[in-house]
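This report refers to the structure that appears directly beneath it.
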Amino acid sequence: LDSPICQHILYIHKKTTITNMANKFDVTQMKGLMAFNGFMGSKSYVSGWQYTAEDTEVFSKFTSCPDAKKAPHAYRWYVHIAAITGVRGLSSSPSPASAPSKSGGKKDKKQDKKSNKKEEKKPAKAEDDDDDFDVFGDDDDEEDEAPKETRAEMLERLKREANERLVKKQAKQRTLVAIEVKPWETEQDLMVLWKKITTDIKQEGVKWGENCHLVDVAFGIKKICMSFTMGNDSSSDEIIEKIEAMEDEVQSVELTSMNVL
């Protein structure tokens, strides 16, 4: 493979492959352009995973930048290769299918002559403004007018916006808390105790459940299974401490689950 003959054969094979790929798609015609657009649907380069001479060969066949709406994949590839090769000021001329028809009457020819004369009288600067299209989006006038933001200011702004979004999200966030309250005696009216807890113990952002369940523990003693929802700034520990403070009626309080809604 290192001999001059082998190297020459590999060079001819590679050159033939590049030529065949370039001739495979006649991008100067709409049919060939759309075929190339479909070919580039899931590819970044014409061949392989990096820029090669085949990309340069196919790129040279284009007479203008493809239409982004009609051939989005070809347009994406074209702009990418233009950026790699350093091509700027690309022309956004119409696609091959939108070219004017060769057939036409005498009236059309006369109108074309009149319009050509009017266009010749217009300054060349206006034509340049209409024909030239910068794919890199450079606009010096807008940059001069807009206030420039330093990197530190940009980071501070992004941090502030992230914190604002987090605060809004946390304000809407609710947590469902389930607890079990055990009494001292079997004779206690647990429904009265539940009503007392939900009425006397209050906290901003806390909303008690509309009902409870009584579950047997042992020796005829039952416990109250109840729940409440709370906001991000509420404290379940504080709620439990307030219930446990009712020492004459409550033996213990156990938190069984917490679920973010």
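Letters A, B, ... mark the chains of the structure tokens in the order given; residue numbers begin at 1 per chain; ligand numbers begin at 1, in order shown.
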Item to check | Near-Gln170 in chain A list (9 Å; only C-alpha atoms; drop same-chain fewer than 6 positions) as a PyMOL selection string | outcome: chain A and resi 231-233
For Leu255 in chain A, work out the shell of residues within 12 Å, counting only C-alpha atoms and skipping chain neighbours fewer than 2 positions away, then give it as a PDB file with N, CA, C and O atoms, in the first residue's frame.
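Saved to part01.pdb:
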ATOM      1  N   LEU A 176     -48.494  16.725  50.249  1.00  0.00           N
ATOM      2  CA  LEU A 176     -49.498  16.003  51.012  1.00  0.00           C
ATOM      3  C   LEU A 176     -48.806  15.242  52.138  1.00  0.00           C
ATOM      4  O   LEU A 176     -47.922  14.416  51.892  1.00  0.00           O
ATOM      5  N   VAL A 177     -49.210  15.516  53.370  1.00  0.00           N
ATOM      6  CA  VAL A 177     -48.600  14.903  54.557  1.00  0.00           C
ATOM      7  C   VAL A 177     -49.645  14.043  55.259  1.00  0.00           C
ATOM      8  O   VAL A 177     -50.766  14.500  55.526  1.00  0.00           O
ATOM      9  N   ALA A 178     -49.288  12.798  55.568  1.00  0.00           N
ATOM     10  CA  ALA A 178     -50.171  11.883  56.296  1.00  0.00           C
ATOM     11  C   ALA A 178     -49.582  11.610  57.672  1.00  0.00           C
ATOM     12  O   ALA A 178     -48.377  11.348  57.803  1.00  0.00           O
ATOM     13  N   ILE A 179     -50.422  11.679  58.717  1.00  0.00           N
ATOM     14  CA  ILE A 179     -49.967  11.457  60.090  1.00  0.00           C
ATOM     15  C   ILE A 179     -50.932  10.522  60.803  1.00  0.00           C
ATOM     16  O   ILE A 179     -52.086  10.335  60.381  1.00  0.00           O
ATOM     17  N   GLU A 180     -50.444   9.922  61.906  1.00  0.00           N
ATOM     18  CA  GLU A 180     -51.261   9.071  62.766  1.00  0.00           C
ATOM     19  C   GLU A 180     -51.210   9.604  64.186  1.00  0.00           C
ATOM     20  O   GLU A 180     -50.122   9.814  64.742  1.00  0.00           O
ATOM     21  N   VAL A 181     -52.375   9.824  64.765  1.00  0.00           N
ATOM     22  CA  VAL A 181     -52.483  10.362  66.126  1.00  0.00           C
ATOM     23  C   VAL A 181     -53.040   9.267  67.040  1.00  0.00           C
ATOM     24  O   VAL A 181     -54.140   8.753  66.802  1.00  0.00           O
ATOM     25  N   LYS A 182     -52.269   8.922  68.104  1.00  0.00           N
ATOM     26  CA  LYS A 182     -52.703   7.882  69.042  1.00  0.00           C
ATOM     27  C   LYS A 182     -53.174   8.530  70.346  1.00  0.00           C
ATOM     28  O   LYS A 182     -52.458   9.354  70.929  1.00  0.00           O
ATOM     29  N   ILE A 224     -56.030   7.800  64.990  1.00  0.00           N
ATOM     30  CA  ILE A 224     -56.627   8.634  63.945  1.00  0.00           C
ATOM     31  C   ILE A 224     -55.640   8.757  62.783  1.00  0.00           C
ATOM     32  O   ILE A 224     -54.509   9.226  62.969  1.00  0.00           O
ATOM     33  N   CYS A 225     -56.042   8.335  61.604  1.00  0.00           N
ATOM     34  CA  CYS A 225     -55.236   8.521  60.390  1.00  0.00           C
ATOM     35  C   CYS A 225     -55.799   9.731  59.654  1.00  0.00           C
ATOM     36  O   CYS A 225     -56.928   9.695  59.164  1.00  0.00           O
ATOM     37  N   MET A 226     -55.021  10.781  59.586  1.00  0.00           N
ATOM     38  CA  MET A 226     -55.484  12.026  59.001  1.00  0.00           C
ATOM     39  C   MET A 226     -54.398  12.621  58.112  1.00  0.00           C
ATOM     40  O   MET A 226     -53.253  12.150  58.121  1.00  0.00           O
ATOM     41  N   SER A 227     -54.733  13.656  57.359  1.00  0.00           N
ATOM     42  CA  SER A 227     -53.776  14.245  56.414  1.00  0.00           C
ATOM     43  C   SER A 227     -54.015  15.737  56.268  1.00  0.00           C
ATOM     44  O   SER A 227     -55.072  16.252  56.646  1.00  0.00           O
ATOM     45  N   PHE A 228     -53.013  16.408  55.709  1.00  0.00           N
ATOM     46  CA  PHE A 228     -53.129  17.830  55.398  1.00  0.00           C
ATOM     47  C   PHE A 228     -52.154  18.162  54.272  1.00  0.00           C
ATOM     48  O   PHE A 228     -51.183  17.425  54.032  1.00  0.00           O
ATOM     49  N   SER A 236     -44.120  20.843  58.632  1.00  0.00           N
ATOM     50  CA  SER A 236     -44.846  19.694  59.184  1.00  0.00           C
ATOM     51  C   SER A 236     -44.413  19.416  60.618  1.00  0.00           C
ATOM     52  O   SER A 236     -45.226  18.960  61.438  1.00  0.00           O
ATOM     53  N   ASP A 237     -43.144  19.674  60.929  1.00  0.00           N
ATOM     54  CA  ASP A 237     -42.652  19.463  62.298  1.00  0.00           C
ATOM     55  C   ASP A 237     -43.394  20.347  63.288  1.00  0.00           C
ATOM     56  O   ASP A 237     -43.713  19.926  64.415  1.00  0.00           O
ATOM     57  N   GLU A 238     -43.663  21.577  62.886  1.00  0.00           N
ATOM     58  CA  GLU A 238     -44.374  22.499  63.765  1.00  0.00           C
ATOM     59  C   GLU A 238     -45.813  22.020  64.009  1.00  0.00           C
ATOM     60  O   GLU A 238     -46.325  22.124  65.135  1.00  0.00           O
ATOM     61  N   ILE A 239     -46.439  21.491  62.983  1.00  0.00           N
ATOM     62  CA  ILE A 239     -47.799  20.955  63.129  1.00  0.00           C
ATOM     63  C   ILE A 239     -47.796  19.785  64.110  1.00  0.00           C
ATOM     64  O   ILE A 239     -48.649  19.693  65.020  1.00  0.00           O
ATOM     65  N   ILE A 240     -46.850  18.877  63.971  1.00  0.00           N
ATOM     66  CA  ILE A 240     -46.769  17.700  64.851  1.00  0.00           C
ATOM     67  C   ILE A 240     -46.500  18.122  66.286  1.00  0.00           C
ATOM     68  O   ILE A 240     -47.079  17.575  67.237  1.00  0.00           O
ATOM     69  N   GLU A 241     -45.614  19.101  66.477  1.00  0.00           N
ATOM     70  CA  GLU A 241     -45.315  19.582  67.834  1.00  0.00           C
ATOM     71  C   GLU A 241     -46.555  20.174  68.497  1.00  0.00           C
ATOM     72  O   GLU A 241     -46.790  19.976  69.704  1.00  0.00           O
ATOM     73  N   ILE A 243     -49.679  19.317  67.917  1.00  0.00           N
ATOM     74  CA  ILE A 243     -50.594  18.223  68.273  1.00  0.00           C
ATOM     75  C   ILE A 243     -50.093  17.501  69.515  1.00  0.00           C
ATOM     76  O   ILE A 243     -50.864  17.159  70.427  1.00  0.00           O
ATOM     77  N   SER A 252     -49.167  10.135  71.217  1.00  0.00           N
ATOM     78  CA  SER A 252     -48.055  10.305  70.271  1.00  0.00           C
ATOM     79  C   SER A 252     -48.582  10.647  68.887  1.00  0.00           C
ATOM     80  O   SER A 252     -49.749  10.398  68.577  1.00  0.00           O
ATOM     81  N   VAL A 253     -47.689  11.213  68.064  1.00  0.00           N
ATOM     82  CA  VAL A 253     -48.009  11.553  66.675  1.00  0.00           C
ATOM     83  C   VAL A 253     -46.884  11.016  65.790  1.00  0.00           C
ATOM     84  O   VAL A 253     -45.705  11.231  66.084  1.00  0.00           O
ATOM     85  N   SER A 257     -46.132   9.635  55.844  1.00  0.00           N
ATOM     86  CA  SER A 257     -45.727   9.857  54.431  1.00  0.00           C
ATOM     87  C   SER A 257     -45.794  11.336  54.073  1.00  0.00           C
ATOM     88  O   SER A 257     -46.554  12.103  54.687  1.00  0.00           O
ATOM     89  N   MET A 258     -44.975  11.687  53.078  1.00  0.00           N
ATOM     90  CA  MET A 258     -44.964  13.040  52.508  1.00  0.00           C
ATOM     91  C   MET A 258     -44.816  12.896  51.002  1.00  0.00           C
ATOM     92  O   MET A 258     -43.835  12.289  50.531  1.00  0.00           O
ATOM     93  N   ASN A 259     -45.745  13.449  50.245  1.00  0.00           N
ATOM     94  CA  ASN A 259     -45.715  13.337  48.784  1.00  0.00           C
ATOM     95  C   ASN A 259     -45.936  14.705  48.151  1.00  0.00           C
ATOM     96  O   ASN A 259     -46.899  15.389  48.496  1.00  0.00           O
TER      97      ASN A 259
END
Checklist entry - Between A:His80, A:Arg174, A:Lys169, A:Lys69, which one has atoms that come closest to Thr56 in chain A, using only C-alpha atoms? => result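 Answer, going by the shortest atom-to-atom distance: A:His80.
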Checklist entry - Lys70 in chain A: which residues within 10 Å, counting only C-alpha atoms, same-chain residues fewer than 2 positions away excluded, as a PyMOL selection string? => result chain A and resi 30+33-34+37+66-68+72-75+95
Next, dump the selected residues to file, keeping only N, CA, C and O atoms, as a short mmCIF file (atom, residue, chain, number, x, y, z; two decimals), in the first residue's frame.
data_model
loop_
_atom_site.label_atom_id
_atom_site.label_comp_id
_atom_site.auth_asym_id
_atom_site.auth_seq_id
_atom_site.Cartn_x
_atom_site.Cartn_y
_atom_site.Cartn_z
N MET A 30 -34.31 21.67 -9.77
CA MET A 30 -35.12 21.44 -8.58
C MET A 30 -35.18 19.96 -8.22
O MET A 30 -35.13 19.59 -7.05
N LEU A 33 -31.96 19.04 -6.62
CA LEU A 33 -31.85 19.70 -5.31
C LEU A 33 -32.69 18.98 -4.26
O LEU A 33 -32.23 18.77 -3.13
N MET A 34 -33.93 18.58 -4.62
CA MET A 34 -34.79 17.91 -3.66
C MET A 34 -34.26 16.50 -3.35
O MET A 34 -34.42 16.02 -2.22
N ASN A 37 -31.58 17.10 -0.92
CA ASN A 37 -32.18 17.48 0.36
C ASN A 37 -32.60 16.23 1.14
O ASN A 37 -32.38 16.14 2.35
N PRO A 66 -29.64 27.38 -1.06
CA PRO A 66 -30.95 26.72 -1.20
C PRO A 66 -32.02 27.42 -0.36
O PRO A 66 -31.71 28.08 0.63
N ASP A 67 -33.25 27.25 -0.78
CA ASP A 67 -34.38 27.82 -0.05
C ASP A 67 -34.57 27.04 1.26
O ASP A 67 -34.73 25.82 1.24
N ALA A 68 -34.55 27.75 2.40
CA ALA A 68 -34.65 27.10 3.71
C ALA A 68 -36.00 26.42 3.91
O ALA A 68 -36.09 25.43 4.65
N PRO A 72 -34.87 22.33 3.54
CA PRO A 72 -34.24 22.70 4.81
C PRO A 72 -32.94 21.96 5.10
O PRO A 72 -32.01 22.54 5.66
N HIS A 73 -32.85 20.66 4.73
CA HIS A 73 -31.64 19.90 5.02
C HIS A 73 -30.48 20.36 4.13
O HIS A 73 -29.34 20.45 4.58
N ALA A 74 -30.78 20.63 2.87
CA ALA A 74 -29.75 21.16 1.97
C ALA A 74 -29.30 22.54 2.43
O ALA A 74 -28.11 22.87 2.38
N TYR A 75 -30.24 23.35 2.87
CA TYR A 75 -29.91 24.69 3.38
C TYR A 75 -29.00 24.60 4.61
O TYR A 75 -28.00 25.31 4.71
N SER A 95 -34.83 29.42 -6.07
CA SER A 95 -34.45 28.07 -6.43
C SER A 95 -34.64 27.85 -7.93
O SER A 95 -35.34 28.61 -8.60
#
